[in-house]
Each structure stands twice: as C-alpha cells, then as structure tokens.
file protein-v3.txt (compact mmCIF, C-alpha atoms)
# COMPACT_ATOMS: atom_id res chain seq x y z
CA MET A 266 339.02 -30.46 143.37
CA THR A 267 336.31 -28.25 144.92
CA PRO A 268 337.07 -24.69 143.84
CA ILE A 269 333.67 -23.17 144.63
CA ALA A 270 333.07 -24.73 148.05
CA SER A 271 336.68 -24.04 148.96
CA THR A 272 336.47 -20.38 147.94
CA VAL A 273 333.23 -19.93 149.89
CA GLY A 274 334.84 -21.63 152.88
CA GLY A 275 337.80 -19.30 152.57
CA VAL A 276 335.55 -16.24 152.45
CA LEU A 277 333.86 -17.34 155.68
CA ILE A 278 337.26 -17.81 157.29
CA GLY A 279 338.26 -14.35 156.09
CA LEU A 280 335.10 -12.85 157.58
CA SER A 281 335.69 -14.64 160.85
CA THR A 282 339.23 -13.31 161.14
CA THR A 283 338.03 -9.76 160.46
CA MET A 284 335.35 -10.29 163.09
CA VAL A 285 337.99 -11.21 165.67
CA LEU A 286 339.94 -8.09 164.75
CA LEU A 287 336.83 -5.96 165.19
CA THR A 288 335.66 -7.48 168.46
CA HIS A 289 338.96 -8.28 170.16
CA GLY A 290 341.57 -6.35 168.24
CA ARG A 291 343.86 -9.27 167.66
CA ILE A 292 345.12 -11.54 164.90
CA ALA A 293 342.94 -14.63 164.59
CA GLY A 294 345.80 -17.09 164.78
CA VAL A 295 344.05 -20.18 166.09
CA SER A 296 347.25 -21.76 167.40
CA GLY A 297 347.74 -18.73 169.63
CA ILE A 298 344.07 -18.53 170.55
CA PHE A 299 344.03 -22.22 171.52
CA ALA A 300 347.29 -22.02 173.48
CA GLY A 301 345.97 -18.95 175.27
CA ALA A 302 342.69 -20.70 176.06
CA LEU A 303 344.64 -23.62 177.55
CA GLU A 304 347.17 -21.64 179.52
CA ARG A 305 345.40 -18.39 180.40
CA PRO A 306 341.68 -19.17 180.10
CA LYS A 307 340.46 -16.19 182.14
CA GLU A 308 342.52 -13.56 180.34
CA GLU A 309 340.65 -10.76 178.57
CA GLY A 310 337.21 -11.95 179.57
CA SER A 311 337.86 -15.52 178.41
CA TRP A 312 337.26 -14.64 174.76
CA ARG A 313 339.74 -17.27 173.58
CA LEU A 314 337.88 -19.97 175.46
CA ALA A 315 334.66 -18.73 173.85
CA PHE A 316 336.22 -18.82 170.38
CA VAL A 317 337.39 -22.40 170.90
CA ALA A 318 333.91 -23.28 172.19
CA GLY A 319 332.56 -21.83 168.94
CA LEU A 320 334.88 -24.08 166.94
CA LEU A 321 333.74 -27.11 168.93
CA VAL A 322 330.02 -26.35 168.79
CA GLY A 323 330.46 -25.65 165.08
CA GLY A 324 331.99 -29.09 164.86
CA VAL A 325 329.02 -30.64 166.62
CA VAL A 326 326.53 -29.06 164.23
CA LEU A 327 328.65 -29.87 161.18
CA SER A 328 329.16 -33.49 162.23
CA LEU A 329 325.39 -33.86 162.16
CA LEU A 330 324.58 -31.82 159.05
CA TYR A 331 327.72 -32.23 156.97
CA PRO A 332 329.56 -35.36 158.16
CA GLN A 333 331.40 -35.78 154.86
CA ALA A 334 333.56 -32.85 155.96
CA PHE A 335 335.24 -35.11 158.52
CA VAL A 336 336.01 -38.16 156.43
CA ILE A 337 339.40 -39.64 157.24
CA SER A 338 340.71 -41.09 154.00
CA HIS A 339 344.31 -40.01 153.64
CA GLY A 340 345.46 -43.50 154.52
CA HIS A 341 348.27 -42.53 156.90
CA PRO A 342 349.02 -44.88 159.79
CA THR A 343 347.66 -43.81 163.17
CA TRP A 344 351.05 -42.85 164.58
CA THR A 345 351.18 -39.89 162.19
CA ALA A 346 348.34 -38.25 164.12
CA VAL A 347 350.27 -38.46 167.39
CA VAL A 348 353.69 -37.55 166.03
CA GLY A 349 352.24 -34.95 163.66
CA GLY A 350 350.28 -33.39 166.49
CA ALA A 351 353.34 -33.07 168.69
CA ILE A 352 355.41 -31.56 165.90
CA VAL A 353 352.62 -29.10 165.06
CA GLY A 354 352.35 -28.19 168.74
CA VAL A 355 356.02 -27.29 168.95
CA GLY A 356 356.18 -25.73 165.50
CA VAL A 357 353.30 -23.29 165.91
CA ARG A 358 354.59 -22.04 169.26
CA LEU A 359 358.19 -21.75 168.08
CA GLY A 360 357.19 -20.16 164.80
CA SER A 361 354.53 -17.90 166.32
CA GLY A 362 351.65 -19.01 164.13
CA CYS A 363 349.89 -21.39 161.79
CA THR A 364 347.79 -21.26 158.61
CA SER A 365 345.30 -18.75 160.00
CA GLY A 366 347.80 -16.55 161.83
CA HIS A 367 350.54 -16.40 159.24
CA GLY A 368 348.77 -17.60 156.13
CA VAL A 369 345.55 -15.61 156.32
CA CYS A 370 346.13 -12.71 158.71
CA GLY A 371 349.85 -12.24 158.18
CA ILE A 372 349.74 -12.25 154.41
CA SER A 373 346.69 -9.96 154.48
CA ARG A 374 348.69 -7.39 156.42
CA ARG A 375 351.64 -7.81 154.02
CA SER A 376 353.91 -9.15 156.75
CA GLY A 377 357.22 -10.36 155.37
CA ARG A 378 357.59 -12.61 158.39
CA SER A 379 354.31 -14.31 157.66
CA LEU A 380 355.00 -14.70 153.96
CA VAL A 381 358.30 -16.41 154.76
CA ALA A 382 356.62 -18.58 157.39
CA THR A 383 353.81 -19.57 155.03
CA LEU A 384 356.13 -20.44 152.15
CA THR A 385 358.27 -22.40 154.60
CA PHE A 386 355.50 -24.53 156.06
CA ILE A 387 353.97 -25.20 152.66
CA GLY A 388 357.45 -26.10 151.41
CA THR A 389 358.29 -28.53 154.18
CA GLY A 390 354.75 -29.87 153.99
CA ALA A 391 355.19 -30.67 150.32
CA LEU A 392 358.57 -32.28 150.92
CA THR A 393 357.09 -34.37 153.72
CA VAL A 394 354.24 -35.62 151.55
CA ALA A 395 356.70 -36.51 148.80
CA LEU A 396 358.78 -38.44 151.33
CA LEU A 397 355.71 -40.16 152.70
CA ARG A 398 354.71 -41.23 149.20
CA LEU A 399 358.22 -42.44 148.39
CA THR A 400 358.43 -44.54 151.53
CA GLY A 401 354.95 -45.92 151.07
CA ILE A 402 353.73 -44.51 154.38
CA SER A 403 351.25 -42.53 152.34
CA SER A 404 349.47 -43.84 149.32
CA MET B 126 329.67 -10.82 178.38
CA LYS B 127 329.02 -9.54 174.86
CA GLY B 128 332.65 -10.18 174.04
CA VAL B 129 332.18 -13.83 174.83
CA VAL B 130 329.19 -14.15 172.52
CA ALA B 131 331.02 -12.38 169.69
CA ALA B 132 334.08 -14.60 170.08
CA PHE B 133 331.87 -17.70 170.15
CA ALA B 134 330.11 -16.59 166.97
CA ALA B 135 333.44 -15.97 165.24
CA GLY B 136 334.57 -19.47 166.18
CA LEU B 137 331.35 -20.94 164.83
CA LEU B 138 331.75 -19.06 161.55
CA PHE B 139 335.38 -20.14 161.32
CA ALA B 140 334.35 -23.78 161.81
CA VAL B 141 331.81 -23.64 158.98
CA GLY B 142 334.40 -22.03 156.71
CA LEU B 143 336.94 -24.71 157.49
CA ALA B 144 334.48 -27.53 156.82
CA LEU B 145 333.17 -26.05 153.57
CA GLY B 146 336.71 -25.30 152.45
CA GLY B 147 337.86 -28.87 152.97
CA MET B 148 340.43 -28.14 155.67
CA THR B 149 338.90 -30.72 158.02
CA GLN B 150 339.61 -33.56 155.59
CA PRO B 151 343.21 -34.78 155.96
CA ALA B 152 343.08 -36.22 152.44
CA LYS B 153 342.46 -32.74 151.00
CA VAL B 154 345.34 -31.28 153.00
CA VAL B 155 347.72 -34.02 151.92
CA GLY B 156 346.41 -33.66 148.37
CA PHE B 157 347.16 -29.93 148.44
CA LEU B 158 350.72 -30.63 149.60
CA ASP B 159 351.16 -33.36 146.99
CA PHE B 160 352.79 -30.97 144.51
CA PHE B 161 354.89 -33.72 142.99
CA GLY B 162 352.01 -36.17 142.71
CA ASP B 163 348.25 -35.94 142.38
CA TRP B 164 347.76 -32.25 143.22
CA ASP B 165 344.43 -31.07 144.68
CA ALA B 166 344.44 -27.26 144.44
CA SER B 167 341.35 -26.80 146.61
CA LEU B 168 343.15 -25.39 149.65
CA ALA B 169 344.72 -22.73 147.44
CA PHE B 170 341.16 -21.49 146.88
CA VAL B 171 340.52 -21.53 150.62
CA MET B 172 343.62 -19.45 151.26
CA GLY B 173 342.87 -17.16 148.34
CA GLY B 174 339.28 -16.59 149.41
CA ALA B 175 340.33 -16.01 152.99
CA VAL B 176 343.16 -13.59 152.24
CA LEU B 177 341.16 -11.56 149.72
CA THR B 178 338.25 -11.30 152.17
CA HIS B 179 340.32 -10.47 155.22
CA ALA B 180 342.62 -8.06 153.38
CA GLY B 181 339.58 -6.46 151.79
CA THR B 182 337.82 -5.83 155.10
CA ARG B 183 340.44 -5.37 157.80
CA TRP B 184 341.30 -1.83 156.75
CA LEU B 185 337.75 -0.77 157.56
CA VAL B 186 338.03 -2.18 161.06
CA LEU B 187 341.40 -0.51 161.61
CA LYS B 188 339.89 2.90 160.90
CA ARG B 189 338.35 2.58 164.37
CA ARG B 190 340.21 3.92 167.39
CA ALA B 191 339.79 0.62 169.20
CA PRO B 192 338.15 -2.80 168.88
CA LEU B 193 334.79 -3.44 170.51
CA HIS B 194 335.82 -5.47 173.56
CA LEU B 195 339.43 -4.53 174.17
CA GLU B 196 340.98 -1.15 174.93
CA ARG B 197 343.21 -1.16 171.86
CA PHE B 198 344.31 -3.18 168.86
CA VAL B 199 347.14 -5.59 169.66
CA LEU B 200 348.90 -6.46 166.41
CA PRO B 201 352.27 -8.12 165.87
CA THR B 202 355.17 -5.69 165.60
CA ARG B 203 358.13 -7.89 164.70
CA THR B 204 359.53 -7.68 161.22
CA ASP B 205 362.70 -9.73 161.60
CA ILE B 206 363.05 -13.20 160.14
CA ASP B 207 364.81 -15.30 162.75
CA PRO B 208 365.68 -19.00 163.15
CA ALA B 209 362.72 -19.56 165.45
CA LEU B 210 360.30 -18.39 162.78
CA ILE B 211 361.86 -20.54 160.07
CA GLY B 212 362.40 -23.54 162.33
CA GLY B 213 358.92 -23.34 163.78
CA ALA B 214 357.27 -22.95 160.40
CA ALA B 215 359.35 -25.80 158.98
CA LEU B 216 358.26 -28.07 161.82
CA PHE B 217 354.65 -27.00 161.48
CA GLY B 218 354.68 -27.98 157.80
CA VAL B 219 356.06 -31.41 158.62
CA GLY B 220 353.47 -32.08 161.31
CA TRP B 221 350.69 -30.75 159.09
CA ALA B 222 351.64 -33.09 156.25
CA LEU B 223 352.08 -36.09 158.55
CA SER B 224 348.73 -35.75 160.26
CA GLY B 225 346.69 -33.88 157.67
CA PHE B 226 345.56 -31.52 160.44
CA CYS B 227 346.44 -28.05 161.65
CA PRO B 228 345.13 -26.56 164.91
CA ALA B 229 341.70 -25.21 163.97
CA PRO B 230 340.51 -28.12 161.79
CA GLY B 231 341.71 -30.55 164.44
CA LEU B 232 339.50 -28.87 167.02
CA VAL B 233 336.49 -28.63 164.70
CA ALA B 234 336.84 -32.32 163.88
CA LEU B 235 336.75 -33.46 167.52
CA PRO B 236 332.94 -33.83 167.79
CA ALA B 237 332.93 -36.09 164.72
CA LEU B 238 334.88 -38.47 166.97
CA SER B 239 337.62 -39.69 164.64
CA THR B 240 340.52 -41.32 166.46
CA GLU B 241 342.92 -39.30 164.33
CA ALA B 242 341.50 -35.92 165.34
CA TRP B 243 341.51 -36.79 169.05
CA LEU B 244 345.06 -38.14 168.94
CA PHE B 245 346.18 -35.08 166.98
CA VAL B 246 344.62 -32.51 169.30
CA GLY B 247 345.69 -34.35 172.47
CA SER B 248 349.24 -34.59 171.25
CA MET B 249 349.32 -31.02 169.97
CA ALA B 250 347.89 -29.55 173.18
CA THR B 251 350.37 -31.48 175.31
CA ALA B 252 353.31 -30.42 173.18
CA MET B 253 352.19 -26.78 173.18
CA VAL B 254 351.92 -26.59 176.95
CA ILE B 255 355.22 -28.37 177.57
CA PHE B 256 357.01 -26.20 175.02
CA ASP B 257 355.57 -23.00 176.46
CA ARG B 258 356.53 -23.99 180.01
CA LEU B 259 360.08 -24.85 178.95
CA ARG B 260 360.37 -21.60 177.04
CA ALA B 261 359.06 -19.59 179.98
CA SER B 262 361.47 -21.19 182.44
CA ARG B 263 364.38 -20.62 180.04
CA THR B 264 363.45 -16.95 179.71
CA ALA B 265 363.16 -16.66 183.48
CA GLU B 266 366.62 -18.15 183.95
CA THR B 267 368.29 -15.72 181.57
CA ALA B 268 366.34 -12.71 182.84
call {"tool": "encode", "arguments": {"input": "protein-v3.txt", "output": "structure tokens"}}
result
Amino acid sequence: MTPIASTVGGVLIGLSTTMVLLTHGRIAGVSGIFAGALERPKEEGSWRLAFVAGLLVGGVVLSLLYPQAFVISHGHPTWTAVVGGAIVGVGVRLGSGCTSGHGVCGISRRSGRSLVATLTFIGTGALTVALLRLTGISS
Amino acid sequence: MKGVVAAFAAGLLFAVGLALGGMTQPAKVVGFLDFFGDWDASLAFVMGGAVLTHAGTRWLVLKRRAPLHLERFVLPTRTDIDPALIGGAALFGVGWALSGFCPAPGLVALPALSTEAWLFVGSMATAMVIFDRLRASRTAETA
C-alpha cells in the first residue's frame, strides 16, 4: 500500500479538476472530455483535445522519469484489455461518467447521482475481481 | 489560445497525479477492488485526496461569474437516478476490473507502450464512438 504517494497523487488530481472548472467551467470527467475530443474536436476552442494532449505528453515524460508507474503486473490475460475497454467505453457513455467525473467531481458537489454511480461501479468492480479470482483468470 | 494552454497544463497535472497515485498500474486497481482478497487501499487515498482537494477549492472558483475561457459554467443539472446511470456505472465497474484501466490512466499509459494500454484505449474509443452514434440515431428517430 502507498498511502502517501496516493494521497499526493489524489491532491494533484483534485487541483487539476478545479483548474478545469476555473478555466473551462466544466466537470473534469475524462470520459466525457475524451469522447468530446474524439467526436467534436473543434468545439469550444479545442480545449478537450488540448487536455488529452496534456495527458499524453504527461505520459511521455512520466514513462521516462517514472516508468514504474506503468508496470503491468496484474496477470490478466490480454483479452481482458480488449473486452474491458469495450465495456468501459459503453459504460461511461451510458452512465454519463467515470472515476473522475462521478467519483471526484460528482461526490465533491454532493451529487446523489454520482454517489450512486460511484458505489455501483466500485461494487461491480469488486464482484468482478472476486469472480476473476474464483475462476483463476486473475491470480 | 490561452484556453488551450490552460487545458493542456491541467491534463499534464492530471497525468502526474494519476501516476503518483497508482491509477496507471492495473495491479493497484485490481488490488483496490479485491475487497474479498488481498486488499490494497491505496486508491481510496487517491479518491480521498482528490475529493477533499476539489471539494475544498471548487467553491472559490464558483464565486466567479464565469470561468476564464467559456461564457458561463456548464454543470450537470440532473438529479434523477435512472437505469442508464446504474447500468452504465455497473458496466464501467466490470470493464475497469477486467482491464485494470479507466479512461484517463489508459491514455496516460499509452506512451509507455504496453500492449494492454493500447488495446484498452483502442477498444474503449471504438466502443464510445459506436455507442454515441447509435444513441444519436435512436434519439433522432424518436424526435
């Protein structure tokens, strides 16, 4: 467990989401920002595209300076990345948000919708991991 | 132009936060969701730190009449809890546990060139676009 690094990381995420609210007046739900960047890249001065570019460039710098952040060691078979990705893609659009949108921003604004969503995705996530462990897909 | 730089900077900051927090490591995500097994509470600290920080600062921003690069604040208005919300969230949790990724960490992990991150993001992006197109055409039909 990494309580200190994780808390610091969380604080930076919190600051970033407040920054987005200040500069562009919107919830920093990355699923929505990414979908918007894909489907309407020129909208509102292309700020969503710029945000995604920031994520990617951040990734470039981090992959050089802090590569241990990207270690893949959960031991799931490769198909879980494809199937998981597709399910996430549908889920975040259907459910109007993800961990940053509902979990961070929604809960911060005391949204009942977001609290329910967050508890739901953590709940089904936990059940899924339990199932994966039981079936030996995850070890 | 300035809006673009600000958004880019926010994305950069977000990326660093995700990496430090452990969100970009599938094993930490799966470990956090492993309530019935070997529980890694780290992501609870990420969420806690993020919510406390955002909740503690957003009220200051909202004292303004408008954001810096948009004419007005655009915040969600819905308060109802409908099947789409529950169903979508439920699905999201499943996909998150299966892959160990959610949207932002998947994107941040792309430059590190893991097969898993690229497969995840490619699959997610495809699914998002197809879903949105289907939803839009359904709404157009019933309009």
call {"tool": "closest_residue", "arguments": {"input": "protein-v3.txt", "among": "A:Ile337, A:Glu308, A:Gly354, A:Cys370", "to": "Met284 in chain A", "atoms": "only C-alpha atoms"}}
result
A:Cys370
call {"tool": "atom_distance", "arguments": {"input": "protein-v3.txt", "atom1": "CA of Phe386 in chain A", "atom2": "CA of Arg398 in chain A"}}
result
18.1 Å
call {"tool": "residues_around", "arguments": {"input": "protein-v3.txt", "residues": "His367 in chain A", "least_positions_apart": "6", "cutoff": "12 Å", "atoms": "only C-alpha atoms", "output": "PDB file with C-alpha atoms, in the coordinates of the input"}}
result
ATOM      1  CA  THR A 282     339.230 -13.310 161.140  1.00  0.00           C
ATOM      2  CA  ILE A 292     345.120 -11.540 164.900  1.00  0.00           C
ATOM      3  CA  ALA A 293     342.940 -14.630 164.590  1.00  0.00           C
ATOM      4  CA  GLY A 294     345.800 -17.090 164.780  1.00  0.00           C
ATOM      5  CA  VAL A 295     344.050 -20.180 166.090  1.00  0.00           C
ATOM      6  CA  SER A 296     347.250 -21.760 167.400  1.00  0.00           C
ATOM      7  CA  GLY A 297     347.740 -18.730 169.630  1.00  0.00           C
ATOM      8  CA  VAL A 357     353.300 -23.290 165.910  1.00  0.00           C
ATOM      9  CA  GLY A 360     357.190 -20.160 164.800  1.00  0.00           C
ATOM     10  CA  SER A 361     354.530 -17.900 166.320  1.00  0.00           C
ATOM     11  CA  SER A 373     346.690  -9.960 154.480  1.00  0.00           C
ATOM     12  CA  ARG A 374     348.690  -7.390 156.420  1.00  0.00           C
ATOM     13  CA  ARG A 375     351.640  -7.810 154.020  1.00  0.00           C
ATOM     14  CA  SER A 376     353.910  -9.150 156.750  1.00  0.00           C
ATOM     15  CA  GLY A 377     357.220 -10.360 155.370  1.00  0.00           C
ATOM     16  CA  ARG A 378     357.590 -12.610 158.390  1.00  0.00           C
ATOM     17  CA  SER A 379     354.310 -14.310 157.660  1.00  0.00           C
ATOM     18  CA  LEU A 380     355.000 -14.700 153.960  1.00  0.00           C
ATOM     19  CA  VAL A 381     358.300 -16.410 154.760  1.00  0.00           C
ATOM     20  CA  ALA A 382     356.620 -18.580 157.390  1.00  0.00           C
ATOM     21  CA  THR A 383     353.810 -19.570 155.030  1.00  0.00           C
ATOM     22  CA  LEU A 384     356.130 -20.440 152.150  1.00  0.00           C
ATOM     23  CA  THR A 385     358.270 -22.400 154.600  1.00  0.00           C
ATOM     24  CA  PHE A 386     355.500 -24.530 156.060  1.00  0.00           C
ATOM     25  CA  ILE A 387     353.970 -25.200 152.660  1.00  0.00           C
TER      26      ILE A 387
ATOM     27  CA  MET B 172     343.620 -19.450 151.260  1.00  0.00           C
ATOM     28  CA  ALA B 175     340.330 -16.010 152.990  1.00  0.00           C
ATOM     29  CA  VAL B 176     343.160 -13.590 152.240  1.00  0.00           C
ATOM     30  CA  PRO B 201     352.270  -8.120 165.870  1.00  0.00           C
ATOM     31  CA  LEU B 210     360.300 -18.390 162.780  1.00  0.00           C
ATOM     32  CA  GLY B 213     358.920 -23.340 163.780  1.00  0.00           C
ATOM     33  CA  ALA B 214     357.270 -22.950 160.400  1.00  0.00           C
ATOM     34  CA  PHE B 217     354.650 -27.000 161.480  1.00  0.00           C
TER      35      PHE B 217
END
call {"tool": "closest_residue", "arguments": {"input": "protein-v3.txt", "among": "A:Pro332, A:Gly279, A:Ile269, A:Pro306", "to": "chain B", "atoms": "all atoms listed in the file"}}
result
A:Gly279
call {"tool": "atom_distance", "arguments": {"input": "protein-v3.txt", "atom1": "CA of Ser338 in chain A", "atom2": "CA of Phe161 in chain B"}}
result
19.4 Å
call {"tool": "closest_residue", "arguments": {"input": "protein-v3.txt", "among": "B:Ala169, B:Val246, B:Val155, B:Ala180", "to": "Val347 in chain A", "atoms": "all atoms listed in the file"}}
result
B:Val246
call {"tool": "atom_distance", "arguments": {"input": "protein-v3.txt", "atom1": "CA of Trp184 in chain B", "atom2": "CA of Gly366 in chain A"}}
result
16.9 Å
call {"tool": "closest_residue", "arguments": {"input": "protein-v3.txt", "among": "A:Ile402, A:Gly349, A:Ile298, A:Gly371", "to": "chain B", "atoms": "only C-alpha atoms"}}
result
A:Gly349
call {"tool": "closest_residue", "arguments": {"input": "protein-v3.txt", "among": "A:Val326, A:Ala391, A:Leu396, A:Leu303", "to": "chain B", "atoms": "all atoms listed in the file"}}
result
A:Ala391
call {"tool": "closest_residue", "arguments": {"input": "protein-v3.txt", "among": "A:Gly362, A:Gly350, A:Gly390, A:Pro342", "to": "Ala252 in chain B", "atoms": "only C-alpha atoms"}}
result
A:Gly350
call {"tool": "residues_around", "arguments": {"input": "protein-v3.txt", "residues": "Arg189 in chain B", "least_positions_apart": "4", "cutoff": "10 Å", "atoms": "all atoms listed in the file", "output": "ChimeraX atom specification"}}
result
/A:287 /B:184-185,193,197-198
call {"tool": "residues_around", "arguments": {"input": "protein-v3.txt", "residues": "Asp165 in chain B", "least_positions_apart": "5", "cutoff": "9 Å", "atoms": "all atoms listed in the file", "output": "short mmCIF file (atom, residue, chain, number, x, y, z; two decimals) with C-alpha atoms, in the frame of the given file"}}
result
data_model
loop_
_atom_site.label_atom_id
_atom_site.label_comp_id
_atom_site.auth_asym_id
_atom_site.auth_seq_id
_atom_site.Cartn_x
_atom_site.Cartn_y
_atom_site.Cartn_z
CA MET A 266 339.02 -30.46 143.37
CA THR A 267 336.31 -28.25 144.92
CA LYS B 153 342.46 -32.74 151.00
CA VAL B 154 345.34 -31.28 153.00
CA VAL B 155 347.72 -34.02 151.92
CA GLY B 156 346.41 -33.66 148.37
CA PHE B 157 347.16 -29.93 148.44
CA LEU B 158 350.72 -30.63 149.60
CA ASP B 159 351.16 -33.36 146.99
CA PHE B 160 352.79 -30.97 144.51
#
call {"tool": "residues_near_point", "arguments": {"input": "protein-v3.txt", "point": "(350.3, -42.1, 149.7)", "cutoff": "10 Å", "atoms": "only C-alpha atoms", "output": "PyMOL selection string"}}
result
(chain A and resi 339-341+394-404) or (chain B and resi 152+155-156+159+162-163)
call {"tool": "residues_around", "arguments": {"input": "protein-v3.txt", "residues": "Gly220 in chain B", "least_positions_apart": "2", "cutoff": "8 Å", "atoms": "all atoms listed in the file", "output": "PyMOL selection string"}}
result
(chain A and resi 348-353+390) or (chain B and resi 216-218+222-226)
call {"tool": "axis_aligned_box", "arguments": {"input": "protein-v3.txt", "around": "range 174-184 of chain B", "padding_each_side": "4 Å", "output": "AutoDock Vina command-line options"}}
result
--center_x 340.5 --center_y -9.2 --center_z 153.6 --size_x 13.3 --size_y 22.8 --size_z 16.4
call {"tool": "residues_around", "arguments": {"input": "protein-v3.txt", "residues": "range 227-236 of chain B", "least_positions_apart": "3", "cutoff": "7 Å", "atoms": "only C-alpha atoms", "output": "ChimeraX atom specification"}}
result
/A:295-296,320-321,323-325,328,335 /B:140,143,148-149,221,239,242-243,245-246
